[in-house]
file target_25.cif (mmCIF, C-alpha atoms)
data_target
#
loop_
_atom_site.label_atom_id
_atom_site.label_comp_id
_atom_site.auth_asym_id
_atom_site.auth_seq_id
_atom_site.Cartn_x
_atom_site.Cartn_y
_atom_site.Cartn_z
CA MET A 6 13.12 -1.93 10.56
CA SER A 7 10.51 -4.64 11.16
CA TYR A 8 11.14 -4.49 14.90
CA LEU A 9 10.75 -0.68 14.85
CA ARG A 10 7.40 -1.06 13.08
CA THR A 11 6.35 -3.61 15.67
CA ALA A 12 7.38 -1.32 18.53
CA ILE A 13 5.41 1.59 17.06
CA LEU A 14 2.39 -0.64 16.57
CA LEU A 15 2.57 -1.96 20.12
CA ALA A 16 2.90 1.57 21.51
CA GLY A 17 -0.16 2.73 19.57
CA LEU A 18 -2.28 -0.23 20.59
CA THR A 19 -1.14 0.15 24.21
CA GLY A 20 -2.29 3.77 24.15
CA LEU A 21 -5.65 2.70 22.77
CA PHE A 22 -5.85 0.02 25.44
CA MET A 23 -5.16 2.62 28.18
CA GLY A 24 -7.80 4.94 26.70
CA VAL A 25 -10.40 2.23 27.06
CA GLY A 26 -9.25 1.61 30.62
CA TYR A 27 -9.51 5.30 31.49
CA LEU A 28 -13.06 5.58 30.25
CA ILE A 29 -13.98 2.48 32.22
CA GLY A 30 -12.26 3.33 35.50
CA GLY A 31 -10.52 6.68 35.30
CA ALA A 32 -6.81 6.99 36.12
CA GLY A 33 -6.89 3.73 38.05
CA GLY A 34 -8.46 1.97 35.10
CA ALA A 35 -5.80 3.39 32.79
CA MET A 36 -3.02 2.05 35.05
CA ILE A 37 -4.65 -1.37 35.21
CA ALA A 38 -4.99 -1.33 31.43
CA LEU A 39 -1.29 -0.41 31.15
CA VAL A 40 -0.33 -3.43 33.26
CA VAL A 41 -2.63 -5.67 31.21
CA ALA A 42 -1.21 -4.21 27.99
CA ALA A 43 2.34 -4.92 29.13
CA GLY A 44 1.39 -8.52 29.81
CA THR A 45 -0.39 -8.72 26.47
CA ASN A 46 2.70 -7.35 24.72
CA LEU A 47 4.90 -10.07 26.18
CA PHE A 48 2.34 -12.78 25.53
CA ALA A 49 1.72 -11.60 21.97
CA TYR A 50 5.42 -11.54 21.11
CA TRP A 51 6.16 -15.02 22.41
CA ASN A 52 2.88 -16.93 22.18
CA SER A 53 0.40 -15.24 19.82
CA ASP A 54 1.33 -17.60 16.98
CA ARG A 55 0.57 -20.66 19.11
CA MET A 56 -2.69 -19.13 20.26
CA VAL A 57 -3.87 -18.42 16.69
CA LEU A 58 -2.88 -21.89 15.47
CA SER A 59 -4.71 -23.46 18.42
CA MET A 60 -7.74 -21.25 17.78
CA TYR A 61 -8.07 -22.79 14.32
CA GLY A 62 -7.38 -26.34 15.47
CA ALA A 63 -4.26 -26.51 13.30
CA HIS A 64 -2.14 -29.62 13.65
CA GLU A 65 1.47 -29.85 12.59
CA VAL A 66 2.41 -32.15 9.71
CA ASP A 67 5.75 -33.37 8.49
CA ALA A 68 7.40 -35.31 5.68
CA ARG A 69 5.77 -38.52 6.91
CA THR A 70 2.19 -37.36 7.53
CA ALA A 71 1.85 -34.96 4.56
CA PRO A 72 4.80 -35.62 2.24
CA ASP A 73 3.57 -33.66 -0.81
CA LEU A 74 2.59 -30.55 1.13
CA TYR A 75 5.73 -30.66 3.26
CA ARG A 76 7.98 -31.11 0.22
CA LEU A 77 6.24 -28.22 -1.52
CA VAL A 78 6.84 -25.86 1.40
CA ALA A 79 10.45 -27.03 1.72
CA ASP A 80 11.18 -26.45 -1.97
CA LEU A 81 9.67 -22.97 -1.96
CA ALA A 82 11.35 -22.01 1.32
CA ALA A 83 14.69 -22.97 -0.21
CA ARG A 84 13.93 -20.83 -3.27
CA ALA A 85 13.05 -17.92 -0.98
CA GLY A 86 16.23 -18.32 1.07
CA LEU A 87 14.24 -18.99 4.24
CA PRO A 88 14.62 -21.54 7.02
CA MET A 89 12.11 -24.36 6.76
CA PRO A 90 8.94 -23.17 8.57
CA ARG A 91 6.71 -25.48 10.52
CA VAL A 92 3.76 -26.69 8.44
CA PHE A 93 0.23 -26.90 9.81
CA LEU A 94 -3.01 -28.24 8.39
CA MET A 95 -6.42 -26.91 9.44
CA ASP A 96 -9.44 -29.19 9.05
CA ASN A 97 -11.62 -26.59 7.36
CA PRO A 98 -13.53 -26.87 4.05
CA GLN A 99 -12.92 -23.23 3.10
CA PRO A 100 -9.75 -22.90 1.00
CA ASN A 101 -7.47 -20.43 2.79
CA ALA A 102 -4.07 -20.03 4.40
CA PHE A 103 -2.00 -17.83 6.67
CA ALA A 104 1.53 -17.54 8.04
CA THR A 105 2.51 -16.69 11.59
CA GLY A 106 5.57 -16.49 13.83
CA ARG A 107 7.73 -13.79 15.41
CA ASN A 108 10.58 -14.19 12.90
CA PRO A 109 11.67 -16.43 9.99
CA GLN A 110 13.43 -18.78 12.42
CA ASN A 111 10.18 -19.37 14.32
CA ALA A 112 7.64 -19.22 11.52
CA ALA A 113 4.76 -21.44 10.51
CA VAL A 114 2.60 -21.82 7.42
CA ALA A 115 -0.96 -23.05 7.94
CA VAL A 116 -3.28 -24.17 5.15
CA THR A 117 -6.79 -25.59 5.23
CA THR A 118 -7.78 -28.99 3.97
CA GLY A 119 -10.12 -27.19 1.59
CA LEU A 120 -7.14 -25.41 0.04
CA VAL A 121 -5.18 -28.60 -0.56
CA GLN A 122 -8.21 -30.36 -2.01
CA SER A 123 -9.45 -27.61 -4.32
CA LEU A 124 -6.27 -26.13 -5.82
CA SER A 125 -3.86 -27.52 -8.37
CA ARG A 126 -0.25 -27.97 -7.42
CA GLU A 127 0.68 -24.76 -9.25
CA GLU A 128 -2.00 -22.77 -7.48
CA LEU A 129 -1.05 -24.17 -4.10
CA SER A 130 2.54 -23.24 -4.89
CA GLY A 131 1.46 -19.64 -5.46
CA VAL A 132 -0.42 -19.53 -2.14
CA VAL A 133 2.45 -21.01 -0.15
CA ALA A 134 4.90 -18.65 -1.85
CA HIS A 135 2.68 -15.71 -0.85
CA GLU A 136 2.75 -16.82 2.79
CA LEU A 137 6.52 -17.30 2.66
CA ALA A 138 6.77 -13.74 1.33
CA HIS A 139 5.00 -12.52 4.48
CA ILE A 140 7.60 -14.42 6.52
CA LYS A 141 10.46 -12.97 4.48
CA HIS A 142 9.07 -9.45 4.94
CA HIS A 143 8.65 -10.02 8.70
CA ASP A 144 4.93 -9.28 8.35
CA THR A 145 3.87 -12.25 10.44
CA LEU A 146 4.82 -10.72 13.79
CA LEU A 147 2.91 -7.53 13.00
CA MET A 148 -0.15 -9.39 11.78
CA THR A 149 -0.30 -11.85 14.67
CA VAL A 150 0.35 -9.25 17.37
CA THR A 151 -2.31 -7.01 15.86
CA ALA A 152 -4.82 -9.85 15.91
CA THR A 153 -4.10 -10.51 19.60
CA PHE A 154 -4.37 -6.85 20.58
CA ALA A 155 -7.45 -6.17 18.48
CA GLY A 156 -9.25 -9.03 20.18
CA ALA A 157 -8.13 -7.83 23.62
CA ILE A 158 -9.25 -4.24 22.95
CA SER A 159 -12.65 -5.39 21.77
CA MET A 160 -13.08 -7.56 24.85
CA LEU A 161 -12.02 -4.73 27.18
CA ALA A 162 -14.43 -2.30 25.51
CA GLN A 163 -17.29 -4.77 25.93
CA PHE A 164 -16.22 -5.40 29.51
CA GLY A 165 -16.69 -1.68 30.21
CA MET A 166 -20.38 -2.02 29.43
CA PHE A 167 -20.90 -3.87 32.70
CA PHE A 168 -19.42 -1.00 34.75
CA GLY A 169 -21.00 1.99 33.02
CA GLY A 170 -17.75 3.86 32.59
CA ASN A 171 -15.96 6.21 34.96
CA ARG A 172 -18.60 7.49 37.37
CA ASN A 173 -16.33 10.32 38.53
CA ASN A 174 -16.90 12.14 35.26
CA ASN A 175 -20.24 13.69 36.37
CA GLY A 176 -22.40 11.38 34.35
CA THR A 177 -20.32 11.44 31.20
CA GLY A 178 -18.67 8.11 31.96
CA ILE A 179 -21.49 6.02 30.53
CA ILE A 180 -21.52 8.03 27.31
CA GLY A 181 -17.74 7.86 27.04
CA SER A 182 -17.75 4.16 27.71
CA LEU A 183 -20.41 3.54 25.07
CA ALA A 184 -18.46 5.67 22.59
CA MET A 185 -15.27 3.76 23.33
CA MET A 186 -17.11 0.46 22.91
CA ILE A 187 -17.66 1.55 19.31
CA LEU A 188 -14.52 3.54 18.59
CA ALA A 189 -11.91 1.30 20.22
CA PRO A 190 -12.68 -1.86 18.22
CA LEU A 191 -13.06 0.35 15.14
CA GLY A 192 -9.62 1.86 15.73
CA ALA A 193 -8.07 -1.58 16.17
CA MET A 194 -9.87 -2.76 13.02
CA LEU A 195 -8.52 0.19 11.03
CA VAL A 196 -4.99 -0.68 12.16
CA GLN A 197 -5.54 -4.25 10.99
CA MET A 198 -6.79 -3.03 7.64
CA ALA A 199 -3.87 -0.66 7.13
CA ILE A 200 -1.37 -3.41 7.86
CA SER A 201 -3.07 -6.10 5.80
CA ARG A 202 -3.97 -4.03 2.76
CA THR A 203 -0.53 -2.43 2.40
CA ARG A 204 1.32 -5.72 2.82
CA GLU A 205 -0.82 -7.99 0.62
CA TYR A 206 0.33 -6.43 -2.65
CA ALA A 207 3.97 -6.69 -1.59
CA ALA A 208 3.49 -10.33 -0.58
CA ASP A 209 1.74 -11.09 -3.88
CA GLU A 210 4.68 -9.72 -5.86
CA MET A 211 7.32 -11.45 -3.75
CA GLY A 212 5.29 -14.67 -3.81
CA ALA A 213 5.13 -14.53 -7.60
CA ARG A 214 8.90 -14.19 -7.73
CA ILE A 215 9.40 -17.08 -5.32
CA CYS A 216 7.21 -19.54 -7.24
CA GLY A 217 8.24 -18.11 -10.62
CA GLN A 218 4.75 -17.77 -12.11
CA PRO A 219 2.46 -14.86 -11.12
CA MET A 220 -0.57 -16.46 -12.77
CA TRP A 221 -0.39 -19.47 -10.46
CA LEU A 222 -1.13 -17.13 -7.55
CA ALA A 223 -3.66 -15.13 -9.57
CA SER A 224 -5.63 -18.29 -10.38
CA ALA A 225 -5.51 -19.36 -6.73
CA LEU A 226 -6.76 -15.97 -5.51
CA ALA A 227 -9.73 -16.14 -7.86
CA LYS A 228 -10.70 -19.63 -6.65
CA ILE A 229 -10.24 -18.81 -2.96
CA ASP A 230 -12.19 -15.57 -3.21
CA ASN A 231 -15.09 -17.33 -4.89
CA ALA A 232 -15.13 -20.13 -2.32
CA ALA A 233 -14.82 -17.76 0.66
CA HIS A 234 -18.23 -16.31 -0.18
CA GLN A 235 -19.82 -19.74 -0.41
CA VAL A 236 -18.06 -21.89 2.20
CA PRO A 237 -18.25 -20.48 5.76
CA ASN A 238 -15.23 -20.53 8.03
CA MET A 239 -16.87 -20.83 11.44
CA ASP A 240 -13.58 -20.55 13.34
CA ALA A 241 -12.90 -17.21 11.65
CA GLU A 242 -16.46 -16.03 12.27
CA ARG A 243 -15.88 -16.61 15.99
CA ALA A 244 -12.55 -14.74 15.89
CA PRO A 245 -12.93 -11.92 13.34
CA ALA A 246 -9.86 -10.12 14.75
CA THR A 247 -7.71 -12.70 12.95
CA ALA A 248 -9.33 -12.25 9.52
CA HIS A 249 -6.55 -10.01 8.22
CA MET A 250 -4.01 -12.82 8.61
CA PHE A 251 -5.50 -14.96 5.84
CA ILE A 252 -4.58 -14.66 2.18
CA ILE A 253 -8.28 -13.92 1.44
CA ASN A 254 -10.78 -12.53 3.94
CA PRO A 255 -12.34 -15.68 5.46
CA LEU A 256 -15.46 -13.91 6.74
CA SER A 257 -18.67 -14.36 4.78
CA GLY A 258 -21.02 -11.62 3.70
CA GLN A 259 -18.44 -8.87 3.48
CA GLY A 260 -20.25 -6.19 1.49
CA MET A 261 -17.89 -3.33 2.36
CA ASP A 262 -14.87 -3.60 0.10
CA ASN A 263 -13.23 -0.20 0.36
CA LEU A 264 -12.47 1.52 3.69
CA PHE A 265 -13.78 -1.35 5.81
CA ALA A 266 -12.20 -4.23 3.88
CA THR A 267 -9.43 -6.17 5.60
CA HIS A 268 -7.93 -7.08 2.21
CA PRO A 269 -7.48 -5.28 -1.09
CA SER A 270 -9.90 -6.13 -3.86
CA THR A 271 -9.08 -9.55 -5.24
CA GLN A 272 -9.66 -8.23 -8.76
CA ASN A 273 -7.06 -5.52 -8.16
CA ARG A 274 -4.58 -8.05 -6.82
CA ILE A 275 -5.07 -10.26 -9.86
CA ALA A 276 -4.63 -7.26 -12.16
CA ALA A 277 -1.37 -6.40 -10.43
CA LEU A 278 -0.12 -9.96 -10.93
CA GLN A 279 -1.12 -9.83 -14.59
CA ARG A 280 0.96 -6.69 -14.98
CA LEU A 281 3.95 -8.57 -13.60
CA VAL A 282 3.69 -11.07 -16.44
CA GLY A 283 4.16 -8.34 -19.02
CA GLN A 284 6.98 -6.51 -17.29
CA ALA A 285 10.03 -6.30 -19.49
CA GLY A 286 13.00 -8.00 -17.90
CA GLY A 287 10.91 -9.17 -14.98
CA GLY A 288 11.54 -12.85 -15.64
CA TYR A 289 7.87 -13.53 -16.26
CA ALA A 290 7.75 -13.84 -20.02
CA PRO A 291 5.14 -16.37 -21.13
CA SER A 292 6.60 -19.70 -22.13
CA SER A 293 5.60 -23.28 -22.85
CA PRO A 294 7.17 -25.28 -20.03
CA GLN A 295 7.32 -29.03 -20.31
CA PRO A 296 5.08 -31.03 -17.97
CA VAL A 297 6.63 -33.23 -15.35
CA PRO A 298 5.38 -36.83 -15.16
CA PRO A 299 3.19 -37.41 -12.09
CA ARG A 300 4.65 -38.99 -8.99
CA PRO A 301 2.86 -42.07 -7.65
CA GLY A 302 0.06 -40.98 -5.37
CA ASP A 303 0.50 -37.32 -6.27
CA PRO A 304 -2.82 -35.60 -5.35
CA TRP A 305 -2.17 -32.83 -7.87
CA GLY A 306 -1.85 -35.13 -10.85
CA GLY A 307 1.72 -34.20 -11.71
CA GLN A 308 0.76 -30.93 -13.37
CA ALA A 309 3.90 -29.12 -12.25
CA THR A 310 6.28 -27.67 -14.80
CA ARG A 311 10.01 -27.59 -15.17
CA ARG A 312 9.94 -23.87 -14.61
CA GLY A 313 8.35 -24.45 -11.23
CA PRO A 314 9.85 -25.53 -7.92
CA TRP A 315 9.51 -29.25 -8.74
CA GLY A 316 11.43 -29.24 -12.02
#

call {"tool": "encode", "arguments": {"input": "target_25.cif", "output": "structure tokens"}}
result
Amino acid sequence: MSYLRTAILLAGLTGLFMGVGYLIGGAGGAMIALVVAAGTNLFAYWNSDRMVLSMYGAHEVDARTAPDLYRLVADLAARAGLPMPRVFLMDNPQPNAFATGRNPQNAAVAVTTGLVQSLSREELSGVVAHELAHIKHHDTLLMTVTATFAGAISMLAQFGMFFGGNRNNNGTGIIGSLAMMILAPLGAMLVQMAISRTREYAADEMGARICGQPMWLASALAKIDNAAHQVPNMDAERAPATAHMFIINPLSGQGMDNLFATHPSTQNRIAALQRLVGQAGGGYAPSSPQPVPPRPGDPWGGQATRRGPWG
């Protein structure tokens, strides 16, 4: 089913891509756009994850270079029944994270240094579990491919400005081109929003089940949302087409929170997680878990619990 969704998405974005090409260069422009779209499809499927990771300067870590983070991801991946994903660290002060990869066998989880430094172990567990939920739901291919195509459509629409549209349309080409410069990126943005907003709630719920404590993720969302409005993510500002991939919108100054928001309201997501806690038979009944003694050099101070993935 995930591959069918991806195929439908690619077909829709290809059509949008060809529409931009037609307004720029008529039938010939549409055919060129089709060829470019085919190449973009292949590139996006096989390499979009590498491109996004490189865009954010993410470097891979392992059990030697980041033992606590790597062990955390490994424990949660085992709980989720997933292959061990590759783990990446982004040198960025804004706390945030995303997952990418075309399937669970070729997946990666990327977190910022700001996330590791500002969250407790429990909260980081909730964030990683959320990203693993995206991998388990096969959302990562959709989200990464959409980011690649949205960026390409926006670039093509801007490129049309230099040619003034299809001059065989009796003077309407310039108007059509200008309209497409606005509507094409908007259409791609709406696709991003639809994908991100419908999948975030599902990933929140699955992530809560993976880590075992919905309020760990709820607390993390509150902290990340607050920091995202105060700490700029310059890499994301330069590549806004990738904003929907993050657990919280990394772009600053986002005043539009309804139709034009790439993510659901953080308050609504927290409320949904709080409802999970009170669900009868949901395995989330409040309890008083025993603390685990800290490991030597543990940056989270050993605040994990025996109900969590380290117990």

call {"tool": "residues_around", "arguments": {"input": "target_25.cif", "residues": "Ala232 of chain A", "least_positions_apart": "2", "cutoff": "12 Å", "atoms": "all atoms listed in the file", "output": "PDB file with C-alpha atoms, keeping the file's coordinate frame"}}
result
ATOM      1  CA  PRO A  98     -13.530 -26.870   4.050  1.00  0.00           C
ATOM      2  CA  GLN A  99     -12.920 -23.230   3.100  1.00  0.00           C
ATOM      3  CA  PRO A 100      -9.750 -22.900   1.000  1.00  0.00           C
ATOM      4  CA  ASN A 101      -7.470 -20.430   2.790  1.00  0.00           C
ATOM      5  CA  GLY A 119     -10.120 -27.190   1.590  1.00  0.00           C
ATOM      6  CA  LEU A 120      -7.140 -25.410   0.040  1.00  0.00           C
ATOM      7  CA  SER A 123      -9.450 -27.610  -4.320  1.00  0.00           C
ATOM      8  CA  LEU A 124      -6.270 -26.130  -5.820  1.00  0.00           C
ATOM      9  CA  ALA A 225      -5.510 -19.360  -6.730  1.00  0.00           C
ATOM     10  CA  LEU A 226      -6.760 -15.970  -5.510  1.00  0.00           C
ATOM     11  CA  ALA A 227      -9.730 -16.140  -7.860  1.00  0.00           C
ATOM     12  CA  LYS A 228     -10.700 -19.630  -6.650  1.00  0.00           C
ATOM     13  CA  ILE A 229     -10.240 -18.810  -2.960  1.00  0.00           C
ATOM     14  CA  ASP A 230     -12.190 -15.570  -3.210  1.00  0.00           C
ATOM     15  CA  HIS A 234     -18.230 -16.310  -0.180  1.00  0.00           C
ATOM     16  CA  GLN A 235     -19.820 -19.740  -0.410  1.00  0.00           C
ATOM     17  CA  VAL A 236     -18.060 -21.890   2.200  1.00  0.00           C
ATOM     18  CA  PRO A 237     -18.250 -20.480   5.760  1.00  0.00           C
ATOM     19  CA  ASN A 238     -15.230 -20.530   8.030  1.00  0.00           C
ATOM     20  CA  ILE A 253      -8.280 -13.920   1.440  1.00  0.00           C
ATOM     21  CA  ASN A 254     -10.780 -12.530   3.940  1.00  0.00           C
ATOM     22  CA  PRO A 255     -12.340 -15.680   5.460  1.00  0.00           C
ATOM     23  CA  LEU A 256     -15.460 -13.910   6.740  1.00  0.00           C
ATOM     24  CA  SER A 257     -18.670 -14.360   4.780  1.00  0.00           C
ATOM     25  CA  GLY A 258     -21.020 -11.620   3.700  1.00  0.00           C
TER      26      GLY A 258
END

call {"tool": "resolve_selection", "arguments": {"input": "target_25.cif", "expression": "the PyMOL selection byres ((chain A and resi 204-215) around 6)", "output": "list in words"}}
result
Ala85, Ala134, His135, Ala138, His139, Ser201, Arg202, Thr203, Cys216, Gly217, Gln218 and Pro219 of chain A

call {"tool": "closest_residue", "arguments": {"input": "target_25.cif", "among": "A:Asp240, A:Asp54, A:Glu136, A:Asp67", "to": "Phe103 of chain A", "atoms": "only C-alpha atoms"}}
result
A:Glu136

call {"tool": "atom_distance", "arguments": {"input": "target_25.cif", "atom1": "atom CA of Ala42 of chain A", "atom2": "atom CA of Tyr27 of chain A"}}
result
13.1 Å

call {"tool": "atom_distance", "arguments": {"input": "target_25.cif", "atom1": "atom CA of Ala79 of chain A", "atom2": "atom CA of His249 of chain A"}}
result
24.9 Å

call {"tool": "closest_residue", "arguments": {"input": "target_25.cif", "among": "A:Leu281, A:Ile140, A:Ala38, A:Ala276", "to": "Gly24 of chain A", "atoms": "all atoms listed in the file"}}
result
A:Ala38

call {"tool": "atom_distance", "arguments": {"input": "target_25.cif", "atom1": "atom CA of Met89 of chain A", "atom2": "atom CA of Val133 of chain A"}}
result
12.3 Å

call {"tool": "closest_residue", "arguments": {"input": "target_25.cif", "among": "A:Arg243, A:Thr105, A:Pro72, A:Val66", "to": "Val92 of chain A", "atoms": "only C-alpha atoms"}}
result
A:Val66

call {"tool": "residues_near_point", "arguments": {"input": "target_25.cif", "point": "(5.8, -17.7, 16.1)", "cutoff": "8 Å", "atoms": "all atoms listed in the file", "output": "list in words"}}
result
Tyr50, Trp51, Asn52, Ser53, Asp54, Arg55, Thr105, Gly106, Arg107, Asn108, Asn111, Ala112, Ala113 and Leu146 of chain A

call {"tool": "closest_residue", "arguments": {"input": "target_25.cif", "among": "A:Leu222, A:Ala35, A:Ala49, A:Met56", "to": "Val132 of chain A", "atoms": "all atoms listed in the file"}}
result
A:Leu222

call {"tool": "closest_residue", "arguments": {"input": "target_25.cif", "among": "A:His268, A:His142, A:Arg76, A:Arg91", "to": "Ser130 of chain A", "atoms": "all atoms listed in the file"}}
result
A:Arg76

call {"tool": "residues_near_point", "arguments": {"input": "target_25.cif", "point": "(-5.1, -3.2, 28.1)", "cutoff": "7 Å", "atoms": "only C-alpha atoms", "output": "ChimeraX atom specification"}}
result
/A:19,22-23,26,38-39,41-42,158

call {"tool": "write_last_selection", "arguments": {"input": "target_25.cif", "atoms": "C-alpha atoms", "output": "tab-separated table (two decimals), in the frame of the given file"}}
result
chain	number	residue	atom	x	y	z
A	19	THR	CA	-1.14	0.15	24.21
A	22	PHE	CA	-5.85	0.02	25.44
A	23	MET	CA	-5.16	2.62	28.18
A	26	GLY	CA	-9.25	1.61	30.62
A	38	ALA	CA	-4.99	-1.33	31.43
A	39	LEU	CA	-1.29	-0.41	31.15
A	41	VAL	CA	-2.63	-5.67	31.21
A	42	ALA	CA	-1.21	-4.21	27.99
A	158	ILE	CA	-9.25	-4.24	22.95

call {"tool": "axis_aligned_box", "arguments": {"input": "target_25.cif", "around": "segment 91-103 of chain A", "padding_each_side": "6 Å", "output": "AutoDock Vina command-line options"}}
result
--center_x -3.4 --center_y -23.5 --center_z 5.8 --size_x 32.2 --size_y 23.4 --size_z 21.5

call {"tool": "closest_residue", "arguments": {"input": "target_25.cif", "among": "A:Ala43, A:Leu81, A:Met220, A:Ala115", "to": "Ser59 of chain A", "atoms": "only C-alpha atoms"}}
result
A:Ala115
